[in-house]
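Source file start-v9.csv; content: CSV, C-alpha atoms.
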chain,number,residue,atom,x,y,z
A,1,MET,CA,-3.0,10.0,4.1
A,2,PHE,CA,-1.0,7.1,5.5
A,3,ARG,CA,1.2,8.9,8.0
A,4,ALA,CA,-1.8,9.8,10.2
A,5,SER,CA,-2.6,6.1,10.4
A,6,ILE,CA,0.9,5.2,11.6
A,7,ASP,CA,1.0,8.2,14.0
A,8,SER,CA,-2.3,6.9,15.6
A,9,GLY,CA,-0.8,3.4,16.1
A,10,GLY,CA,-1.6,1.7,12.8
A,11,GLY,CA,0.7,-0.7,11.1
A,12,LEU,CA,1.5,-2.1,7.7
A,13,VAL,CA,-1.8,-4.0,7.4
A,14,ASP,CA,-3.7,-0.7,8.0
A,15,ILE,CA,-1.7,0.9,5.2
A,16,ALA,CA,-2.4,-2.0,2.9
A,17,ARG,CA,-6.1,-1.7,3.6
A,18,MET,CA,-6.0,2.0,2.9
A,19,ILE,CA,-4.4,1.4,-0.5
A,20,ARG,CA,-7.1,-1.1,-1.3
A,21,ILE,CA,-9.9,1.3,-0.3
A,22,HIS,CA,-8.4,4.1,-2.3
A,23,GLY,CA,-8.0,1.8,-5.3
A,24,ARG,CA,-11.6,0.7,-5.2
A,25,SER,CA,-12.6,4.3,-5.7
A,26,GLY,CA,-10.2,4.7,-8.6
A,27,GLN,CA,-7.5,6.5,-6.7
A,28,TYR,CA,-4.5,4.1,-7.0
A,29,ILE,CA,-2.4,7.0,-8.4
A,30,GLN,CA,-3.1,9.1,-5.3
A,31,ALA,CA,-2.1,6.1,-3.1
A,32,ALA,CA,1.2,5.8,-5.0
A,33,ALA,CA,1.8,9.5,-4.6
A,34,ALA,CA,1.2,9.3,-0.9
A,35,LEU,CA,3.6,6.4,-0.5
A,36,ARG,CA,6.2,8.5,-2.2
A,37,GLN,CA,5.5,11.6,-0.2
A,38,GLU,CA,5.0,10.1,3.2
A,39,PHE,CA,7.5,7.2,3.2
A,40,GLY,CA,10.0,8.1,0.5
A,41,PHE,CA,9.1,5.2,-1.8
A,42,LYS,CA,10.7,5.4,-5.3
A,43,ILE,CA,8.1,5.8,-8.0
A,44,VAL,CA,8.7,2.2,-9.2
A,45,GLU,CA,8.2,0.9,-5.7
A,46,ALA,CA,5.0,2.9,-5.1
A,47,LEU,CA,3.5,1.7,-8.5
A,48,THR,CA,4.5,-1.9,-7.7
A,49,VAL,CA,2.7,-1.8,-4.4
A,50,VAL,CA,-0.5,-0.3,-5.9
A,51,GLY,CA,-0.2,-2.9,-8.7
A,52,TRP,CA,-0.2,-5.6,-6.1
A,53,ALA,CA,-3.3,-4.1,-4.5
A,54,GLU,CA,-5.1,-3.7,-7.8
A,55,GLY,CA,-4.4,-7.3,-8.8
A,56,SER,CA,-5.5,-8.8,-5.5
A,57,ASP,CA,-8.9,-9.9,-4.3
A,58,ASP,CA,-10.6,-8.7,-1.1
A,59,SER,CA,-9.5,-11.7,1.0
A,60,GLU,CA,-7.5,-11.3,4.2
A,61,ALA,CA,-4.9,-13.8,2.8
A,62,SER,CA,-4.4,-11.5,-0.1
A,63,LEU,CA,-4.0,-8.5,2.2
A,64,LEU,CA,-1.4,-10.3,4.2
A,65,GLU,CA,0.4,-11.4,1.1
A,66,MET,CA,0.6,-7.7,0.0
A,67,CYS,CA,2.0,-6.8,3.4
A,68,ARG,CA,4.6,-9.6,3.1
A,69,LYS,CA,5.6,-8.3,-0.4
A,70,ILE,CA,6.0,-4.7,0.9
A,71,GLN,CA,8.2,-6.0,3.8
A,72,THR,CA,10.4,-8.2,1.7
A,73,GLU,CA,10.4,-6.8,-1.9
A,74,VAL,CA,10.4,-3.1,-1.5
A,75,LYS,CA,13.8,-1.9,-0.6

Output the file's structure in the form of structure tokens.
Amino acid sequence: MFRASIDSGGGLVDIARMIRIHGRSGQYIQAAAALRQEFGFKIVEALTVVGWAEGSDDSEASLLEMCRKIQTEVK
């Protein structure tokens, strides 16, 4: 799901947007599974990321904050 975006030149913001889009349709668990499978996130990290997405609003500032957290808080 996410790897294709990266392979076609996408970046972290594109991944964050995709997580949001999947969450809106009730697929946060699938997004977490994709983070684990495609990028090797630990389950706690993947669930943390989708939790940030679920708790955020639809603003660009919120999206950028989620990206910042992924870069700095996910090891």

Length of the atom CA of Val13 of chain A to atom CA of Lys69 of chain A vector [Å]: 11.6 Å

Shell of 9 Å around Arg3 of chain A, only C-alpha atoms, local chain residues under 2 positions omitted, as a PDB file with C-alpha atoms, keeping the file's coordinate frame:
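The resulting around_27.pdb:
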ATOM      1  CA  MET A   1      -3.000  10.000   4.100  1.00  0.00           C
ATOM      2  CA  SER A   5      -2.600   6.100  10.400  1.00  0.00           C
ATOM      3  CA  ILE A   6       0.900   5.200  11.600  1.00  0.00           C
ATOM      4  CA  ASP A   7       1.000   8.200  14.000  1.00  0.00           C
ATOM      5  CA  SER A   8      -2.300   6.900  15.600  1.00  0.00           C
ATOM      6  CA  ILE A  15      -1.700   0.900   5.200  1.00  0.00           C
ATOM      7  CA  ALA A  34       1.200   9.300  -0.900  1.00  0.00           C
ATOM      8  CA  GLU A  38       5.000  10.100   3.200  1.00  0.00           C
ATOM      9  CA  PHE A  39       7.500   7.200   3.200  1.00  0.00           C
TER      10      PHE A  39
END

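Atom CA of Ser62 of chain A is found 22.7 Å from atom CA of Arg36 of chain A.
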
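The coordinates place atom CA of Phe41 of chain A at 24.1 Å from atom CA of Asp58 of chain A.
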
Counting all atoms listed in the file, the option among A:Arg17, A:Ile43, A:Gly26, A:Leu12 closest to Asp57 of chain A: A:Arg17

Long-range neighbours of Val49 of chain A as a PyMOL selection string, 12 Å cut-off, all atoms listed in the file, 5 positions minimum in chain: chain A and resi 15-20+23+28-29+31-36+41-44+54-56+63+65-75

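Comparing A:Trp52, A:Ala61, A:Gly9, A:Phe2 by their smallest distance to Gln30 of chain A, the closest is A:Phe2 (using all atoms listed in the file).
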